[in-house]
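Report on one structure; see the data block that follows.
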Amino acid sequence: MLERRSLKAPIALGVVMIVLVVILAAVWILGNVLGATANPDSNVLFWVMLTTGAVLLTAVLAGVIAYLTLTVKAVNLNRRQSNFIDAVTHELKSPIASLKLYLQTMTRRSVSEEQKQDFHKFMLDDVERLDLLINHLLDVARIDQSGDVVDDEEVSLDELLIHCGKASCVRYRLPSDTVQVDSPPIKLLSKLIQLEILFRNLIDNAVKYGGSPPKVLVGVKSLADEKIMVSITDNGTGIPPNQRRKVFGRFIRLGNELERSTPGTGLGLYLVRNVVKSIGGSIQVSDRADGSGTRFEVTLKGVIRPKSENVQENIEDRLTSDQVKTR
């Protein structure tokens, strides 16, 4: 309720101010027109006053509208930041509490070897969850730094997509065929780290919000003018049309933060949008053609040519070494 009232108040004040400025402008214009027609000898003065006043009133009106727009944006940002704090607090507290519980149990009680293995597995999951959160925050900081310039390089797009798909399956402990990649051998001249952030977040998002069990299809199609389109399709419930632009905002997650069963921070698609923009691409969201689900289509520019056999590189090793350097 507090957030809704704080948003209604500046909107109501801004609307009232806009109405008053419009009324003042109408009275001013009408008064000057009547004065100019009633006194032909001094009509030049009236027309000068009318023009000057109209310009000033237009500037005041533009300032009021800009103030209202900035106020609404500030309130929405405040709300998203509060939503983000709730998400990060939950994401940090839950695995830490779980790790503490398992460690205390292993310290204070004697457990069997089988239980130790289970505890180690659960603790590893919690550590990976924390690592994913930290990577998201580091990615946001790195993308937001305008001075972070990375040179373009040759990227084996098909290998990168397969790597991201396998990593998501391992992360969520799903069968390897959960993410199916259909891509011809393609070399793309772009930034490897940014492409890895882009497709890792899109595939992770498709897996997290897919059906039960999730099924994700990744396809690549060559376009004209040395462009390609990469589509990531899931089998989830989909995104309402009126929310498809909103989901790319910073800290944006649909629904109430405290009522969600899927963990997250609202940064994944924000990273996707910024990476696509920085490398000169575009992204569209639509419904899945057959059945329920969401389809993300990413169009990228770059030099596309067949892979050369003497230029084979290990995507996983390069990504690992680059991530270590950035940390």
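Scheme for the structure tokens: letters A, B, ... for chains in order shown; per-chain residue numbers from 1; ligand numbers from 1 in order shown.
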
Exercise. So which residues touch Val55 (chain A) within 12 Å, counting only C-alpha atoms, skipping near sequence neighbours fewer than 5 positions away, as a list in words?
Worked result: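 These residues fall inside the cut-off: Ala25, Trp28, Ile29, Val48, Met49, Leu50, Val60, Leu61 and Ala62 of chain A.
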
For this session: Apply DSSP to the structure's backbone, then extract all residues of region 25-227 of chain A labelled strand (DSSP E) and return them as a list of chain:residue names.
Result: A:Glu153, A:Glu154, A:Val155, A:Ser156, A:Val179, A:Gln180, A:Val181, A:Asp182, A:Lys187, A:Leu188, A:Leu189, A:Ser190, A:Val216, A:Leu217, A:Val218, A:Gly219, A:Val220, A:Lys221, A:Ser222, A:Leu223, A:Lys227

Since we have the selection now, will you write its residues out, keeping C-alpha atoms, as a short mmCIF file (atom, residue, chain, number, x, y, z; two decimals), in the first residue's frame?
```cif
data_model
loop_
_atom_site.label_atom_id
_atom_site.label_comp_id
_atom_site.auth_asym_id
_atom_site.auth_seq_id
_atom_site.Cartn_x
_atom_site.Cartn_y
_atom_site.Cartn_z
CA GLU A 153 37.36 -12.27 -31.81
CA GLU A 154 36.32 -15.39 -33.66
CA VAL A 155 33.75 -17.35 -31.67
CA SER A 156 32.49 -20.82 -32.52
CA VAL A 179 18.67 -28.50 -23.69
CA GLN A 180 18.79 -29.47 -27.35
CA VAL A 181 21.00 -27.37 -29.63
CA ASP A 182 20.42 -27.37 -33.39
CA LYS A 187 32.06 -18.68 -36.75
CA LEU A 188 30.93 -15.29 -35.43
CA LEU A 189 33.13 -12.22 -35.07
CA SER A 190 32.07 -10.84 -31.69
CA VAL A 216 14.59 -26.15 -24.12
CA LEU A 217 15.21 -25.91 -27.86
CA VAL A 218 18.05 -23.76 -29.18
CA GLY A 219 18.14 -23.11 -32.91
CA VAL A 220 20.38 -21.02 -35.19
CA LYS A 221 19.42 -19.64 -38.58
CA SER A 222 21.54 -17.60 -40.99
CA LEU A 223 20.06 -14.36 -42.30
CA LYS A 227 23.43 -11.79 -39.62
#
```

Exercise. Taking into account only C-alpha atoms, which residue in the set A:Lys215, A:Leu77, A:Ala59, A:Ile65 is nearest to Met17 (chain A)?
Worked result: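 Among the listed residues, A:Ile65 lies closest to Met17 (chain A).
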
Problem set entry | For Gly210 (chain A), the nearest of the candidates A:Ala224, A:Pro185, A:Thr237, A:Gln194, counting only C-alpha atoms | A:Thr237

For this session: Quick one: pull the distance between CA of Cys169 (chain A) and CA of Arg245 (chain A), Å, one decimal.
Result: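 Those two atoms sit 27.5 Å apart.
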
Exercise. Among region 50-269 of chain A, which ones does DSSP place in helix (DSSP H, G or I), written as a PyMOL selection string?
Worked result: chain A and resi 50-108+113-144+157-171+176-178+192-208+241-243+246-248+257-259+268-269

Restricted to C-alpha atoms, what would the selected residues look like written as a tab-separated table (two decimals), in the first residue's frame?
```tsv
chain	number	residue	atom	x	y	z
A	50	LEU	CA	1.81	36.49	-26.59
A	51	THR	CA	4.80	34.84	-28.29
A	52	THR	CA	7.11	35.27	-25.29
A	53	GLY	CA	4.50	34.04	-22.85
A	54	ALA	CA	3.62	31.05	-25.04
A	55	VAL	CA	7.29	30.01	-25.21
A	56	LEU	CA	7.72	30.35	-21.44
A	57	LEU	CA	4.50	28.47	-20.69
A	58	THR	CA	5.54	25.70	-23.09
A	59	ALA	CA	8.88	25.44	-21.28
A	60	VAL	CA	7.10	25.27	-17.91
A	61	LEU	CA	4.74	22.60	-19.23
A	62	ALA	CA	7.67	20.55	-20.57
A	63	GLY	CA	9.45	20.90	-17.22
A	64	VAL	CA	6.37	19.69	-15.31
A	65	ILE	CA	6.01	16.68	-17.61
A	66	ALA	CA	9.73	15.87	-17.28
A	67	TYR	CA	9.49	16.19	-13.49
A	68	LEU	CA	6.51	13.84	-13.40
A	69	THR	CA	8.28	11.31	-15.62
A	70	LEU	CA	11.46	11.37	-13.55
A	71	THR	CA	9.49	11.05	-10.32
A	72	VAL	CA	7.59	8.01	-11.55
A	73	LYS	CA	10.85	6.44	-12.76
A	74	ALA	CA	12.49	7.12	-9.38
A	75	VAL	CA	9.61	5.51	-7.49
A	76	ASN	CA	9.65	2.47	-9.79
A	77	LEU	CA	13.43	2.14	-9.40
A	78	ASN	CA	12.99	2.33	-5.63
A	79	ARG	CA	10.45	-0.46	-5.81
A	80	ARG	CA	12.68	-2.61	-8.00
A	81	GLN	CA	15.65	-2.07	-5.70
A	82	SER	CA	13.52	-3.15	-2.74
A	83	ASN	CA	12.49	-6.21	-4.74
A	84	PHE	CA	16.16	-6.88	-5.54
A	85	ILE	CA	17.18	-6.61	-1.87
A	86	ASP	CA	14.47	-9.12	-0.94
A	87	ALA	CA	15.70	-11.51	-3.61
A	88	VAL	CA	19.40	-11.19	-2.79
A	89	THR	CA	18.72	-11.51	0.95
A	90	HIS	CA	16.79	-14.73	0.33
A	91	GLU	CA	19.41	-16.02	-2.11
A	92	LEU	CA	22.20	-15.41	0.40
A	93	LYS	CA	20.44	-16.47	3.57
A	94	SER	CA	18.98	-19.77	2.36
A	95	PRO	CA	22.22	-21.49	1.22
A	96	ILE	CA	24.20	-20.06	4.14
A	97	ALA	CA	21.64	-21.38	6.63
A	98	SER	CA	21.69	-24.75	4.87
A	99	LEU	CA	25.49	-24.92	4.93
A	100	LYS	CA	25.53	-24.00	8.62
A	101	LEU	CA	22.99	-26.71	9.44
A	102	TYR	CA	24.92	-29.46	7.63
A	103	LEU	CA	28.25	-28.42	9.14
A	104	GLN	CA	26.79	-28.29	12.65
A	105	THR	CA	25.24	-31.72	12.16
A	106	MET	CA	28.51	-33.22	10.97
A	107	THR	CA	30.42	-31.57	13.85
A	108	ARG	CA	28.09	-32.45	16.72
A	113	GLU	CA	29.53	-42.39	5.27
A	114	GLU	CA	26.42	-42.36	3.10
A	115	GLN	CA	25.01	-39.39	5.00
A	116	LYS	CA	28.32	-37.57	4.67
A	117	GLN	CA	28.20	-38.01	0.91
A	118	ASP	CA	24.64	-36.68	0.83
A	119	PHE	CA	25.62	-33.72	3.01
A	120	HIS	CA	28.60	-32.95	0.77
A	121	LYS	CA	26.34	-33.04	-2.27
A	122	PHE	CA	23.81	-30.68	-0.69
A	123	MET	CA	26.55	-28.30	0.48
A	124	LEU	CA	28.06	-28.27	-3.01
A	125	ASP	CA	24.65	-27.30	-4.41
A	126	ASP	CA	24.46	-24.43	-1.94
A	127	VAL	CA	27.96	-23.24	-2.85
A	128	GLU	CA	27.07	-23.34	-6.55
A	129	ARG	CA	23.95	-21.32	-5.81
A	130	LEU	CA	26.04	-18.66	-4.05
A	131	ASP	CA	28.58	-18.73	-6.88
A	132	LEU	CA	25.84	-18.15	-9.45
A	133	LEU	CA	24.53	-15.15	-7.50
A	134	ILE	CA	28.01	-13.63	-7.22
A	135	ASN	CA	28.63	-14.20	-10.94
A	136	HIS	CA	25.40	-12.35	-11.74
A	137	LEU	CA	26.42	-9.38	-9.63
A	138	LEU	CA	29.90	-9.35	-11.18
A	139	ASP	CA	28.39	-9.55	-14.66
A	140	VAL	CA	26.16	-6.55	-13.92
A	141	ALA	CA	29.10	-4.52	-12.66
A	142	ARG	CA	31.20	-5.47	-15.69
A	143	ILE	CA	28.45	-4.65	-18.20
A	144	ASP	CA	27.70	-1.32	-16.51
A	157	LEU	CA	28.84	-20.12	-31.86
A	158	ASP	CA	27.70	-23.73	-32.08
A	159	GLU	CA	30.31	-24.82	-29.51
A	160	LEU	CA	29.41	-21.93	-27.22
A	161	LEU	CA	25.70	-22.83	-27.28
A	162	ILE	CA	26.42	-26.49	-26.57
A	163	HIS	CA	28.69	-25.47	-23.68
A	164	CYS	CA	26.02	-23.18	-22.17
A	165	GLY	CA	23.37	-25.89	-22.55
A	166	LYS	CA	25.51	-28.54	-20.85
A	167	ALA	CA	26.43	-26.13	-18.04
A	168	SER	CA	22.75	-25.42	-17.34
A	169	CYS	CA	21.91	-29.12	-17.25
A	170	VAL	CA	24.74	-29.76	-14.79
A	171	ARG	CA	23.78	-26.73	-12.68
A	176	SER	CA	21.79	-33.79	-20.83
A	177	ASP	CA	18.97	-33.82	-23.42
A	178	THR	CA	17.01	-31.14	-21.50
A	192	LEU	CA	33.18	-14.16	-26.41
A	193	ILE	CA	32.58	-13.12	-22.79
A	194	GLN	CA	29.52	-11.05	-23.67
A	195	LEU	CA	28.09	-13.82	-25.85
A	196	GLU	CA	28.64	-16.28	-23.00
A	197	ILE	CA	26.77	-13.98	-20.58
A	198	LEU	CA	23.97	-13.55	-23.12
A	199	PHE	CA	23.28	-17.21	-23.91
A	200	ARG	CA	24.05	-18.54	-20.43
A	201	ASN	CA	21.36	-16.30	-18.97
A	202	LEU	CA	18.83	-16.99	-21.72
A	203	ILE	CA	19.26	-20.77	-21.46
A	204	ASP	CA	19.25	-20.67	-17.65
A	205	ASN	CA	16.07	-18.61	-17.75
A	206	ALA	CA	14.44	-21.09	-20.14
A	207	VAL	CA	15.40	-24.04	-17.91
A	208	LYS	CA	14.26	-22.35	-14.68
A	241	PRO	CA	2.27	-9.73	-23.86
A	242	ASN	CA	2.01	-6.64	-21.66
A	243	GLN	CA	4.99	-7.83	-19.55
A	246	LYS	CA	9.14	-5.03	-18.64
A	247	VAL	CA	11.04	-8.27	-17.95
A	248	PHE	CA	14.26	-6.77	-19.35
A	257	GLU	CA	9.10	-11.71	-4.46
A	258	LEU	CA	8.05	-13.49	-1.27
A	259	GLU	CA	5.61	-15.79	-3.07
A	268	GLY	CA	19.43	-12.22	-15.89
A	269	LEU	CA	17.32	-10.62	-18.62
```

Exercise. What lies within 7 Å of region 287-304 of chain A using only C-alpha atoms, ignoring chain neighbours under 5 positions off, as number ranges by chain?
Worked result: A: 186-190, 226-239, 280-282
